[in-house]
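Asks: Mind having a look at this structure? Questions to follow.
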Amino acid sequence: MAMRIPLQIATAIIVLGGISGMVLPEYHLRLLNLSLISAVAVIGLNFAFGYAGLISLGHAAFVGMGGYGLAILTTTCGWSPWLAAPVAIAATAISAGLIGYPLLRLRGHYLALATLGLNVSFYIVTSNWIAMTGGTNGIARIPGLALGSFSFSGEHQFLWLALMVLALIAAAAAALHKSRLGREMIAVRDDEIASEMTGIDTTRIKIEAFVLSAICAAVAGCLFALHMRFVAPEDFTYAHSITYLAMLIVGGEGTIVGAVLGAVLLTFLPEWLRFLGTAYLFFFGLLVLGILVFLPTGLVGLGQRLSRRSAKTPLLASARAPEATS
Amino acid sequence: MKITRKAGLGVTIGAAMLSFVSVAQAQQGSPILIGATVPMTGPLSLTGKQYQNSLSMAEEDINKAGGINGRHIKIVFEDTQASNGTAVNAFVKLAQETKPAFFFLSSYSTQNLATAPELSKVQVPAMYAGGADVVADKGNEWMFRIRPADSVSAEGMVKAAVDVIKAKKPGILYIQNDFGQGGAQTAAKRFEAAGIAVAGMEAYGQNDKDFSAQLLSLRNKGADAILIFNYPQDGALVLRQAKQLGFKMPLVTSSAALVPAATQLLSPSDLEGVWGVVDAFMDVSVGGRMKDYVERFKSKFGVDPDPYGLAYYDGAMLMADGMRKAGTDPKALREWLSSVKGWQGIGHVYSYDNKGNGVRDLAVVKAKPGTKTLELVQPVSLN
Amino acid sequence: MADFVQLIINGLAIGSVYALAAIGFVIVYSATGVVNFAAGQFVMFGTFAGVATLVNAQLPWPFAYGAALLIMALFGALFFVSVYLPLRRGSIVTIIIGTVAVSITMQNAALLSFGSWPFRLPSPVEDSAVSLGGAIISLHALAVVAVTAVMVAGLWLLFNRTSVGVGMRAVAQDVQAARLMGLKVNRLLAFSWILAAVLAGVAGLMLGPMWFADVNMGDPIALKAFAATIIGGFGSLPGAIVGGLFVGLSEVLGASYVSSAYKDLISFGIMIAFLLVRPQGVFGEKIQDRG
C-alpha cells in the first residue's frame, strides 16, 4: 500500500516516456531528454522548496557541481563515468551540507538572494579557475556512459537512461513524501515554530531537505554532462536556477507530477514559439506570466480542477491527494 | 544616424521577404539546403546579425551566379542565443529536420565546442568562426575555421606591439572569456619567447563597465603599451576610458573594438594612439571585390559590414566552389575543403591544415588622425 | 594618491547608479512586498527611453529628459496594472518568477525595437573633465554623484514632509491599517511603482553616457542592486544608498588592490557574509521578519 503511488509514478514515467520515444522525431527526442534531465533537478528543488519551503536560486550551482565533478573525474583523472558519478554526487551532497549549515538560518527572500549570490560566485570561480575547470572554454570530450557493449550515446539510448533515473528519483521522492521525514519537512514549511514545539529539529530537517535537493541536482548534472559531453560555466548560471524554479511553479509546487510536467512544458515551449522568429522570447515571457496569473496552482492544479469538474473519479482524486500539499 | 538604422531594418525585412519570394519562385528542382546556427537574440546577437546578413547576401550572390551547377542553395537559420544548450538544440533541429548538406556554426568557441560531438554524429562538413585554439585541437575532421585562430590573432598583436610600436614593457588587458583568457596567455608566452617582459596582466568581466582600476594598475606597473583582448562594446568602452584617464601610451586592440558596431560609439579622439589588429582590412579604398562587397552590404542592410561577417561570406563562397567541383557528398566535400590551398577570398587567403585551420593572415590598422576612417599600417601573415 | 582619488570618484559614480537602481527596488519592496527581478530591465528601459527621445527624436535636453521620465512614469503605471495587480496575491516565489518572465519580455521588446547595436547616449557635459590632484574626473561622473544626492534629498522630503510620502510609509507598514485610516491604498501602491520606474529612468539616463546603452545591460545592474540592498539593509532607503556606493567602490578598489579577475566575488562574498552575520544589513529592516 505504501509503495503504490511511487510505483504508479515510476511506471507512468517509463510507459509515457517510452511511448513518446517511439513516436517522436529525433530532435524532439533530444528536447525530451533535456526536459527529463531538468525534471530530475526540479524534483530535487521540490524537496527544498515544495516540501521544506526553502527558496533556492542557486540550484544550478549544484547541478554544475555534479556536472563538473563528473567532467573533471572522467577527463582529467580518466575515471569511468560509473565511478565518477557517485563520487561527484557525494561531493556535491557534502558541499551542500557545508553551505546549507550557515545559510539555512535565512528565510524567504533573504535565502533567495543568498543562494543567488552563491550561484553567481560559482560562475565566477568556474570561469576563472582555469587549471581545474578549463575556464570559460569548459571541459569537452566527456566520455559517454556504456553498459558492456551498449552505449547510451544516441538520443534513443539516452532516453532509456534518463527515464530510468527519473523514474527512480520520482519514486524515491514519492516514497519520501509519505515518510516521516517528508511530513516533517512539510510541517517545517507550514509552521516552523509549531513544528519546533512538537520536537522537530527544524535546522536538521532543513539541511536534510537542502542536501536531498542538491543530490538530485548533482544527478541531473551528471546526466547533463553525459548527454552534452561538454560542460561550461554558462550552462549553470543563476538564470538556469530561476528556470528550474519556474518549472516547479508552472508545473505545480509541492508535487512530483508538477515538477515533471513543468520541466517538459518549459523545455518545449520556446520550441513551439520558434515560428515567431526573434520575437519568441517576448511571448515566452508573457505566456509564463499568464500561467502564473491564471493557473496559480500550476498545471497540476489545472488538471485537478478539470478532473473534479468533469467526472468526480474518487480513485484519481485519492491518488493525487497525498501529492497536493496546498 | 538612427534614421538610417531604422531604414536599414526596413531594408533588411524587405530584403528578407524578397529573398523568400525569389527562393519560392526558383524551386524548380529542390535547392541545396544549408544550415546556419547564429546568435539572433541575446547579448551575442550584435555579431550574429552580421553573419545572418552576409550569409543571406552570399546565398543571393551564389544563386544569381547560377547556383551550384544549376541548383539553387537555401540557407536555413536557427537562433543559438548566448547559450551552449540552445546552440546545440538549434544544430540538432536543423540536422534532423532540415537535413542540410553543409553547416555554418556560430563564432563563439564554447558553442562550437558544445556542438562538435553532435556534428561528428551527423557527419556533414561545417564552417565555424570561434577563435579558441582548443576547438581545432580537439580534432573534429568535419570542422573548418574561417577566421584566424585566437593564437594567430594574439601573435599578430604581439607582432604589432614589438615591430610597429617597439614596446619594451607591454601590459595586457583581457576580457574574462574563452577569447580573452586564451589570447592573453598566448600573448604572454610570445612576449616571453621574444625576451620582452610583460608589465602586468589584468582581467575584466564580460559585463564590466569601469576599467579605470585595471588601466591605472597597468600604468603604475610601468607598461609602455597595452594589448587589449576585447569584445566589441567593452572594447569601445576601454578605449574611451583610457582617453578619459589621459592615457597617452599606444593601445593595441583586437579586431572586435574596431567593428562598425563598436566604432560608432567612439569619437575620433578616442582612436588616437590606437592600433588595431583586425581580421581583415575592410575599406573601399582596397578596391576590387572588397569595394564591391562593402558597398553592396551597406546599401542592402543599411549598416557597415565587419570582418567577421565577411569571413562568413568568404566561407559560403568557398563552400559553393567546393560543391561545384566536388559535389555535395559530405565526404567528398570534406576532402576537397581539407585540400584547399591558397584560395583567394575577399578578406583572407584560405589554406587548410590538418586541424581545419584555414586563415593565418591579419592586418594592422590605425585611424587616420582626426577621423574614424581606418587605414592599413601593414598586413601580417604568420608562417 | 592621484590614482586613489580617481578610483574613489569612479567607484562613487558607478555606485550612484547602483544606489538609484537599489532605491527603486527598495521603494517597491517596502510598499508592496514585491522582490522585483525586473529592476535591472527598468533601468535598461530608462536608458532606451533616453535613446528614443534624445537620439531618435532629437529633442532638446530638458524636453528629452522630461519626455523620457514621463515615458518611464507611464511604464510604471502600466506595470502596476498589468503585472503587479494580477500577481499580488501570489507567493514570494510566484512573484519572483513573474517578474523574471516580464523581464525576459522587456528585454526582447527592446531588442525588437532598438536592435542589437549598442548606442551612445549623449550627455549635456560631454567629454569635459576637471583635474583634481592629478586625477582626471569627468564632469559627467561628478554630475551623476550630484544628481543622486539631489534625488536622495528629494526622496527624504517626499517621505517625511508630504502626505503622499507619509501615506506610502503607512501602506508599507500595514496595508490593512492604512486602508482603515481611509488612505487610498491602491493609488499609493501605484504611485510607488511609478516612482520606482522614474528613479530607474534617472539611473538609466545617467549611466547611458558612461557605459553605452545595450538591450542586455539590465541583468548585471540588477545583480549589483540586489547585493547593494542586502548589504545596506533590505527595505531601507539609506541602506540602498550606502550599499550601492559600497558595491561600486568595492568593485573598483577590489579590482585595483585585490584581483581584477575575482573582484565580483568580493561584492557577492560580502553580501553573503552580511546575510549570515547581519541579515538586517547596515541599516536594518523594520517591516519584514527575517531569519
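Residues in the C-alpha cells are named by chain (A, B, ... in the order shown) and by number from 1 within that chain; ligands are numbered from 1 in the order shown.
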Go through chain B residue by residue and, counting only C-alpha atoms, keep those with an atom at most 8 Å from chain A; for each kept residue give the shortest atom pair and its distance in Å to one decimal, ordered by chain and increasing number, as a tab-separated table.
Replies:
```
residue	atom	partner	partner_atom	distance
B:Met40	CA	A:Thr278	CA	6.7
B:Thr41	CA	A:Thr278	CA	6.4
B:Ser83	CA	A:Glu234	CA	7.1
B:Asn84	CA	A:Asp235	CA	6.9
B:Gly85	CA	A:Asp235	CA	7.2
B:Asn89	CA	A:Leu31	CA	7.7
B:Val92	CA	A:Tyr27	CA	6.0
B:Lys93	CA	A:Tyr27	CA	5.4
B:Gln96	CA	A:Tyr27	CA	5.9
B:Glu97	CA	A:Tyr27	CA	7.5
B:Ser109	CA	A:Asn137	CA	7.3
B:Thr110	CA	A:Asn137	CA	5.7
B:Leu113	CA	A:Ala140	CA	6.8
B:Ala114	CA	A:Phe230	CA	5.8
B:Pro117	CA	A:Arg229	CA	7.4
B:Gln176	CA	A:Asn128	CA	7.7
B:Asn177	CA	A:Thr136	CA	5.3
B:Asp178	CA	A:Thr136	CA	5.1
```
Asks: What residues in segment 19-247 of chain B get the DSSP label strand (DSSP E)? Please answer as a ChimeraX atom specification.
Replies: /B:32-38,73-79,102-104,126-128,143-148,170-175,200-204,225-229
Asks: Do me a favour and pick out the residues of chain A within 9 Å of chain C, using only C-alpha atoms, as a PDB file with N, CA, C and O atoms, in the first residue's frame.
Replies:
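The resulting result-v3.pdb:
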```pdb
ATOM      1  N   ILE A  55      13.462  28.788  -0.421  1.00  0.00           N
ATOM      2  CA  ILE A  55      13.576  29.343  -1.770  1.00  0.00           C
ATOM      3  C   ILE A  55      15.033  29.336  -2.173  1.00  0.00           C
ATOM      4  O   ILE A  55      15.842  30.051  -1.597  1.00  0.00           O
ATOM      5  N   PRO A 102      25.344  27.100   7.522  1.00  0.00           N
ATOM      6  CA  PRO A 102      25.183  28.506   7.922  1.00  0.00           C
ATOM      7  C   PRO A 102      24.044  29.207   7.179  1.00  0.00           C
ATOM      8  O   PRO A 102      23.379  30.074   7.740  1.00  0.00           O
ATOM      9  N   LEU A 103      23.821  28.821   5.915  1.00  0.00           N
ATOM     10  CA  LEU A 103      22.929  29.619   5.060  1.00  0.00           C
ATOM     11  C   LEU A 103      21.455  29.438   5.423  1.00  0.00           C
ATOM     12  O   LEU A 103      20.647  30.343   5.261  1.00  0.00           O
ATOM     13  N   LEU A 104      21.106  28.248   5.921  1.00  0.00           N
ATOM     14  CA  LEU A 104      19.683  27.944   6.049  1.00  0.00           C
ATOM     15  C   LEU A 104      19.032  28.580   7.280  1.00  0.00           C
ATOM     16  O   LEU A 104      17.872  28.356   7.551  1.00  0.00           O
ATOM     17  N   ARG A 105      19.818  29.368   8.007  1.00  0.00           N
ATOM     18  CA  ARG A 105      19.169  30.154   9.045  1.00  0.00           C
ATOM     19  C   ARG A 105      18.339  31.262   8.407  1.00  0.00           C
ATOM     20  O   ARG A 105      17.483  31.857   9.040  1.00  0.00           O
ATOM     21  N   LEU A 106      18.638  31.543   7.138  1.00  0.00           N
ATOM     22  CA  LEU A 106      17.912  32.610   6.446  1.00  0.00           C
ATOM     23  C   LEU A 106      16.595  32.083   5.909  1.00  0.00           C
ATOM     24  O   LEU A 106      16.422  30.907   5.681  1.00  0.00           O
ATOM     25  N   ARG A 107      15.689  33.017   5.693  1.00  0.00           N
ATOM     26  CA  ARG A 107      14.364  32.633   5.220  1.00  0.00           C
ATOM     27  C   ARG A 107      13.929  33.517   4.068  1.00  0.00           C
ATOM     28  O   ARG A 107      14.494  34.582   3.833  1.00  0.00           O
ATOM     29  N   GLY A 108      12.887  33.065   3.360  1.00  0.00           N
ATOM     30  CA  GLY A 108      12.221  33.892   2.361  1.00  0.00           C
ATOM     31  C   GLY A 108      13.182  34.475   1.341  1.00  0.00           C
ATOM     32  O   GLY A 108      14.074  33.803   0.848  1.00  0.00           O
ATOM     33  N   HIS A 109      12.995  35.767   1.071  1.00  0.00           N
ATOM     34  CA  HIS A 109      13.802  36.372   0.012  1.00  0.00           C
ATOM     35  C   HIS A 109      15.254  36.535   0.424  1.00  0.00           C
ATOM     36  O   HIS A 109      16.122  36.693  -0.409  1.00  0.00           O
ATOM     37  N   TYR A 110      15.554  36.509   1.751  1.00  0.00           N
ATOM     38  CA  TYR A 110      16.961  36.552   2.168  1.00  0.00           C
ATOM     39  C   TYR A 110      17.686  35.315   1.666  1.00  0.00           C
ATOM     40  O   TYR A 110      18.775  35.398   1.106  1.00  0.00           O
ATOM     41  N   LEU A 111      17.047  34.168   1.870  1.00  0.00           N
ATOM     42  CA  LEU A 111      17.648  32.929   1.395  1.00  0.00           C
ATOM     43  C   LEU A 111      17.729  32.953  -0.129  1.00  0.00           C
ATOM     44  O   LEU A 111      18.722  32.533  -0.714  1.00  0.00           O
ATOM     45  N   ALA A 112      16.668  33.483  -0.755  1.00  0.00           N
ATOM     46  CA  ALA A 112      16.652  33.545  -2.220  1.00  0.00           C
ATOM     47  C   ALA A 112      17.869  34.317  -2.729  1.00  0.00           C
ATOM     48  O   ALA A 112      18.585  33.849  -3.610  1.00  0.00           O
ATOM     49  N   LEU A 113      18.116  35.492  -2.150  1.00  0.00           N
ATOM     50  CA  LEU A 113      19.216  36.304  -2.658  1.00  0.00           C
ATOM     51  C   LEU A 113      20.570  35.742  -2.235  1.00  0.00           C
ATOM     52  O   LEU A 113      21.552  35.875  -2.972  1.00  0.00           O
ATOM     53  N   ALA A 114      20.642  35.091  -1.064  1.00  0.00           N
ATOM     54  CA  ALA A 114      21.912  34.480  -0.658  1.00  0.00           C
ATOM     55  C   ALA A 114      22.283  33.360  -1.617  1.00  0.00           C
ATOM     56  O   ALA A 114      23.434  33.246  -2.055  1.00  0.00           O
ATOM     57  N   THR A 115      21.297  32.513  -1.967  1.00  0.00           N
ATOM     58  CA  THR A 115      21.596  31.419  -2.886  1.00  0.00           C
ATOM     59  C   THR A 115      21.888  31.958  -4.287  1.00  0.00           C
ATOM     60  O   THR A 115      22.701  31.401  -5.013  1.00  0.00           O
ATOM     61  N   LEU A 116      21.231  33.084  -4.631  1.00  0.00           N
ATOM     62  CA  LEU A 116      21.547  33.728  -5.907  1.00  0.00           C
ATOM     63  C   LEU A 116      23.011  34.155  -5.919  1.00  0.00           C
ATOM     64  O   LEU A 116      23.738  33.917  -6.892  1.00  0.00           O
ATOM     65  N   GLY A 117      23.463  34.757  -4.806  1.00  0.00           N
ATOM     66  CA  GLY A 117      24.860  35.161  -4.698  1.00  0.00           C
ATOM     67  C   GLY A 117      25.789  33.961  -4.799  1.00  0.00           C
ATOM     68  O   GLY A 117      26.844  34.018  -5.415  1.00  0.00           O
ATOM     69  N   LEU A 118      25.366  32.854  -4.208  1.00  0.00           N
ATOM     70  CA  LEU A 118      26.141  31.619  -4.277  1.00  0.00           C
ATOM     71  C   LEU A 118      26.308  31.171  -5.726  1.00  0.00           C
ATOM     72  O   LEU A 118      27.400  30.802  -6.174  1.00  0.00           O
ATOM     73  N   VAL A 120      26.091  33.045  -8.446  1.00  0.00           N
ATOM     74  CA  VAL A 120      26.961  33.979  -9.153  1.00  0.00           C
ATOM     75  C   VAL A 120      28.421  33.676  -8.823  1.00  0.00           C
ATOM     76  O   VAL A 120      29.290  33.654  -9.699  1.00  0.00           O
ATOM     77  N   SER A 121      28.687  33.382  -7.538  1.00  0.00           N
ATOM     78  CA  SER A 121      30.054  33.058  -7.134  1.00  0.00           C
ATOM     79  C   SER A 121      30.537  31.784  -7.826  1.00  0.00           C
ATOM     80  O   SER A 121      31.688  31.701  -8.255  1.00  0.00           O
ATOM     81  N   ILE A 124      31.688  32.689 -11.203  1.00  0.00           N
ATOM     82  CA  ILE A 124      32.970  33.399 -11.237  1.00  0.00           C
ATOM     83  C   ILE A 124      34.121  32.420 -11.018  1.00  0.00           C
ATOM     84  O   ILE A 124      35.136  32.467 -11.713  1.00  0.00           O
ATOM     85  N   VAL A 125      33.925  31.497 -10.075  1.00  0.00           N
ATOM     86  CA  VAL A 125      35.007  30.558  -9.783  1.00  0.00           C
ATOM     87  C   VAL A 125      35.230  29.613 -10.958  1.00  0.00           C
ATOM     88  O   VAL A 125      36.364  29.421 -11.408  1.00  0.00           O
ATOM     89  N   ASN A 128      37.095  31.216 -13.799  1.00  0.00           N
ATOM     90  CA  ASN A 128      38.457  31.727 -13.595  1.00  0.00           C
ATOM     91  C   ASN A 128      39.448  30.695 -13.076  1.00  0.00           C
ATOM     92  O   ASN A 128      40.649  30.916 -13.163  1.00  0.00           O
ATOM     93  N   ILE A 242      16.744  30.049 -11.883  1.00  0.00           N
ATOM     94  CA  ILE A 242      15.413  30.644 -11.957  1.00  0.00           C
ATOM     95  C   ILE A 242      14.515  29.792 -12.852  1.00  0.00           C
ATOM     96  O   ILE A 242      13.341  29.584 -12.560  1.00  0.00           O
ATOM     97  N   THR A 243      15.098  29.271 -13.932  1.00  0.00           N
ATOM     98  CA  THR A 243      14.299  28.419 -14.815  1.00  0.00           C
ATOM     99  C   THR A 243      13.803  27.179 -14.070  1.00  0.00           C
ATOM    100  O   THR A 243      12.639  26.800 -14.213  1.00  0.00           O
ATOM    101  N   LEU A 245      13.211  26.882 -10.930  1.00  0.00           N
ATOM    102  CA  LEU A 245      12.144  27.290 -10.028  1.00  0.00           C
ATOM    103  C   LEU A 245      10.856  27.559 -10.822  1.00  0.00           C
ATOM    104  O   LEU A 245       9.757  27.182 -10.397  1.00  0.00           O
ATOM    105  N   ALA A 246      11.016  28.196 -11.975  1.00  0.00           N
ATOM    106  CA  ALA A 246       9.848  28.472 -12.813  1.00  0.00           C
ATOM    107  C   ALA A 246       9.178  27.174 -13.240  1.00  0.00           C
ATOM    108  O   ALA A 246       7.947  27.066 -13.267  1.00  0.00           O
ATOM    109  N   ILE A 249       7.088  25.946 -10.325  1.00  0.00           N
ATOM    110  CA  ILE A 249       5.888  26.748 -10.080  1.00  0.00           C
ATOM    111  C   ILE A 249       4.872  26.527 -11.198  1.00  0.00           C
ATOM    112  O   ILE A 249       3.674  26.354 -10.946  1.00  0.00           O
ATOM    113  N   THR A 278      12.530  36.156 -34.036  1.00  0.00           N
ATOM    114  CA  THR A 278      13.277  36.736 -32.918  1.00  0.00           C
ATOM    115  C   THR A 278      12.355  37.256 -31.821  1.00  0.00           C
ATOM    116  O   THR A 278      12.824  37.680 -30.777  1.00  0.00           O
ATOM    117  N   ALA A 279      11.036  37.233 -32.051  1.00  0.00           N
ATOM    118  CA  ALA A 279      10.124  37.732 -31.016  1.00  0.00           C
ATOM    119  C   ALA A 279       9.676  36.639 -30.063  1.00  0.00           C
ATOM    120  O   ALA A 279       8.847  36.874 -29.199  1.00  0.00           O
ATOM    121  N   TYR A 280      10.254  35.413 -30.189  1.00  0.00           N
ATOM    122  CA  TYR A 280       9.680  34.313 -29.399  1.00  0.00           C
ATOM    123  C   TYR A 280       9.877  34.491 -27.908  1.00  0.00           C
ATOM    124  O   TYR A 280       9.043  34.081 -27.116  1.00  0.00           O
ATOM    125  N   LEU A 281      10.971  35.148 -27.506  1.00  0.00           N
ATOM    126  CA  LEU A 281      11.177  35.346 -26.068  1.00  0.00           C
ATOM    127  C   LEU A 281      10.151  36.314 -25.498  1.00  0.00           C
ATOM    128  O   LEU A 281       9.762  36.215 -24.340  1.00  0.00           O
ATOM    129  N   PHE A 282       9.726  37.269 -26.312  1.00  0.00           N
ATOM    130  CA  PHE A 282       8.698  38.221 -25.901  1.00  0.00           C
ATOM    131  C   PHE A 282       7.444  37.467 -25.458  1.00  0.00           C
ATOM    132  O   PHE A 282       6.896  37.682 -24.379  1.00  0.00           O
ATOM    133  N   PHE A 283       7.014  36.527 -26.296  1.00  0.00           N
ATOM    134  CA  PHE A 283       5.785  35.800 -25.987  1.00  0.00           C
ATOM    135  C   PHE A 283       6.007  34.725 -24.930  1.00  0.00           C
ATOM    136  O   PHE A 283       5.104  34.403 -24.165  1.00  0.00           O
ATOM    137  N   PHE A 284       7.235  34.194 -24.895  1.00  0.00           N
ATOM    138  CA  PHE A 284       7.559  33.209 -23.854  1.00  0.00           C
ATOM    139  C   PHE A 284       7.344  33.837 -22.471  1.00  0.00           C
ATOM    140  O   PHE A 284       6.670  33.267 -21.612  1.00  0.00           O
ATOM    141  N   GLY A 285       7.889  35.057 -22.288  1.00  0.00           N
ATOM    142  CA  GLY A 285       7.725  35.744 -21.009  1.00  0.00           C
ATOM    143  C   GLY A 285       6.259  35.978 -20.687  1.00  0.00           C
ATOM    144  O   GLY A 285       5.803  35.724 -19.567  1.00  0.00           O
ATOM    145  N   LEU A 286       5.511  36.448 -21.667  1.00  0.00           N
ATOM    146  CA  LEU A 286       4.092  36.725 -21.447  1.00  0.00           C
ATOM    147  C   LEU A 286       3.316  35.455 -21.099  1.00  0.00           C
ATOM    148  O   LEU A 286       2.451  35.457 -20.233  1.00  0.00           O
ATOM    149  N   LEU A 287       3.658  34.356 -21.781  1.00  0.00           N
ATOM    150  CA  LEU A 287       2.936  33.112 -21.522  1.00  0.00           C
ATOM    151  C   LEU A 287       3.195  32.614 -20.106  1.00  0.00           C
ATOM    152  O   LEU A 287       2.265  32.172 -19.419  1.00  0.00           O
ATOM    153  N   VAL A 288       4.462  32.695 -19.682  1.00  0.00           N
ATOM    154  CA  VAL A 288       4.772  32.256 -18.317  1.00  0.00           C
ATOM    155  C   VAL A 288       4.016  33.122 -17.315  1.00  0.00           C
ATOM    156  O   VAL A 288       3.423  32.625 -16.355  1.00  0.00           O
ATOM    157  N   LEU A 289       4.017  34.434 -17.566  1.00  0.00           N
ATOM    158  CA  LEU A 289       3.278  35.332 -16.678  1.00  0.00           C
ATOM    159  C   LEU A 289       1.802  34.938 -16.655  1.00  0.00           C
ATOM    160  O   LEU A 289       1.170  34.882 -15.594  1.00  0.00           O
ATOM    161  N   GLY A 290       1.261  34.643 -17.838  1.00  0.00           N
ATOM    162  CA  GLY A 290      -0.141  34.248 -17.919  1.00  0.00           C
ATOM    163  C   GLY A 290      -0.422  32.995 -17.108  1.00  0.00           C
ATOM    164  O   GLY A 290      -1.422  32.915 -16.387  1.00  0.00           O
ATOM    165  N   LEU A 292       1.196  31.967 -14.489  1.00  0.00           N
ATOM    166  CA  LEU A 292       1.263  32.301 -13.062  1.00  0.00           C
ATOM    167  C   LEU A 292      -0.013  32.986 -12.607  1.00  0.00           C
ATOM    168  O   LEU A 292      -0.495  32.766 -11.499  1.00  0.00           O
ATOM    169  N   VAL A 293      -0.562  33.844 -13.472  1.00  0.00           N
ATOM    170  CA  VAL A 293      -1.744  34.614 -13.075  1.00  0.00           C
ATOM    171  C   VAL A 293      -2.988  33.730 -13.121  1.00  0.00           C
ATOM    172  O   VAL A 293      -3.787  33.724 -12.185  1.00  0.00           O
ATOM    173  N   PHE A 294      -3.129  32.974 -14.205  1.00  0.00           N
ATOM    174  CA  PHE A 294      -4.397  32.264 -14.399  1.00  0.00           C
ATOM    175  C   PHE A 294      -4.389  30.845 -13.829  1.00  0.00           C
ATOM    176  O   PHE A 294      -5.439  30.257 -13.614  1.00  0.00           O
ATOM    177  N   PRO A 296      -2.701  29.662 -10.740  1.00  0.00           N
ATOM    178  CA  PRO A 296      -1.823  29.852  -9.580  1.00  0.00           C
ATOM    179  C   PRO A 296      -1.347  28.544  -8.968  1.00  0.00           C
ATOM    180  O   PRO A 296      -0.333  28.515  -8.294  1.00  0.00           O
TER     181      PRO A 296
END
```
Asks: Can you check which residues of segment 9-225 of chain B DSSP gives as alpha helix (DSSP H) on the backbone and send them as number ranges by chain?
Replies: B: 9-25, 45-64, 84-93, 109-122, 133-137, 150-159, 178-193, 212-220
Asks: Compute the set of chain B residues within 9 Å of chain C, using only C-alpha atoms, and express it as a ChimeraX atom specification.
Replies: /B:1-3,5-6,9,40-47,49,176,202-205,207-214,216-217,233-234,237,244-246,261-262,264-266
Asks: Give me the residues within 12 Å of Val188 of chain A as a ChimeraX atom specification, counting only C-alpha atoms and dropping any in the same chain fewer than 5 places off.
Replies: /A:48-54,107,181-183,193-209
Asks: Any chance you could export the current selection's C-alpha atoms as a PDB file, in the first residue's frame?
Replies:
```pdb
ATOM      1  CA  ALA A  48      13.886  22.182  -0.800  1.00  0.00           C
ATOM      2  CA  PHE A  49      11.111  24.482  -1.904  1.00  0.00           C
ATOM      3  CA  GLY A  50       7.939  22.447  -2.443  1.00  0.00           C
ATOM      4  CA  TYR A  51       8.293  20.493   0.811  1.00  0.00           C
ATOM      5  CA  ALA A  52      10.539  22.471   3.127  1.00  0.00           C
ATOM      6  CA  GLY A  53       9.720  25.926   1.746  1.00  0.00           C
ATOM      7  CA  LEU A  54      13.364  26.933   1.158  1.00  0.00           C
ATOM      8  CA  ARG A 107      14.364  32.633   5.220  1.00  0.00           C
ATOM      9  CA  LEU A 181      10.936  12.917   7.055  1.00  0.00           C
ATOM     10  CA  GLY A 182       8.641  14.145   4.288  1.00  0.00           C
ATOM     11  CA  ARG A 183       5.910  15.028   6.746  1.00  0.00           C
ATOM     12  CA  ILE A 193       7.640  27.496  15.322  1.00  0.00           C
ATOM     13  CA  ALA A 194       4.852  24.990  15.810  1.00  0.00           C
ATOM     14  CA  SER A 195       6.972  22.162  14.435  1.00  0.00           C
ATOM     15  CA  GLU A 196       9.826  23.142  16.698  1.00  0.00           C
ATOM     16  CA  MET A 197       7.456  22.906  19.636  1.00  0.00           C
ATOM     17  CA  THR A 198       6.417  19.390  18.677  1.00  0.00           C
ATOM     18  CA  GLY A 199      10.025  18.384  18.954  1.00  0.00           C
ATOM     19  CA  ILE A 200      11.157  18.556  15.322  1.00  0.00           C
ATOM     20  CA  ASP A 201      14.761  19.694  14.894  1.00  0.00           C
ATOM     21  CA  THR A 202      13.950  22.256  12.224  1.00  0.00           C
ATOM     22  CA  THR A 203      17.572  23.084  11.366  1.00  0.00           C
ATOM     23  CA  ARG A 204      18.337  19.416  10.759  1.00  0.00           C
ATOM     24  CA  ILE A 205      15.201  18.974   8.638  1.00  0.00           C
ATOM     25  CA  LYS A 206      16.053  21.995   6.534  1.00  0.00           C
ATOM     26  CA  ILE A 207      19.604  20.838   5.953  1.00  0.00           C
ATOM     27  CA  GLU A 208      18.386  17.369   5.047  1.00  0.00           C
ATOM     28  CA  ALA A 209      15.942  18.820   2.556  1.00  0.00           C
TER      29      ALA A 209
END
```
Asks: Interatomic distance between atom CA of Thr32 of chain C and atom CA of Gln176 of chain C?
Replies: 12.6 Å
Asks: So, with only C-alpha atoms as the atoms that count, which of A:Pro81, A:Gly258, A:Gly58, A:Gly301 lies closest to Ala96 of chain A?
Replies: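 For Ala96 of chain A, the nearest of the candidates is A:Gly58.
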Asks: Counting only C-alpha atoms, what is within 7 Å of Gly251 of chain A, bar same-chain residues fewer than 2 positions away, as a list in words?
Replies: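 Here the answer would be Met247, Leu248, Ile249, Glu253, Gly258, Ala259, Leu261, Gly262, Gly298, Leu299 and Val300 of chain A.
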Asks: Which residue, C:Leu69, C:Val198, C:Val282, C:Met206, has the smallest gap to Phe25 of chain C when you use only C-alpha atoms?
Replies: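 Counting only C-alpha atoms, the residue closest to Phe25 of chain C is C:Val198.
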Asks: What does the distance between atom CA of Ala38 of chain C and atom CA of Val42 of chain A come to in Å, to one decimal place?
Replies: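 Pair atom CA of Ala38 of chain C / atom CA of Val42 of chain A returns 23.2 Å.
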Asks: Which residues, written as a PyMOL selection string, have at least one atom at most 9 Å from Asn357 of chain B, with only C-alpha atoms counted and residues fewer than 4 positions away on the same chain left out?
Replies: chain B and resi 136+143-149+350-353
Asks: Would you compute the distance between atom CA of Leu98 of chain A and atom CA of Tyr123 of chain A? Give it in Å to one decimal.
Replies: 18.7 Å
Asks: Compile the contact shell of Gly243 of chain C as a PyMOL selection string: residues with an atom at most 7 Å away, counting only C-alpha atoms, same-chain residues fewer than 2 positions apart removed.
Replies: chain C and resi 19+228-229+231-232+239-241+245-247
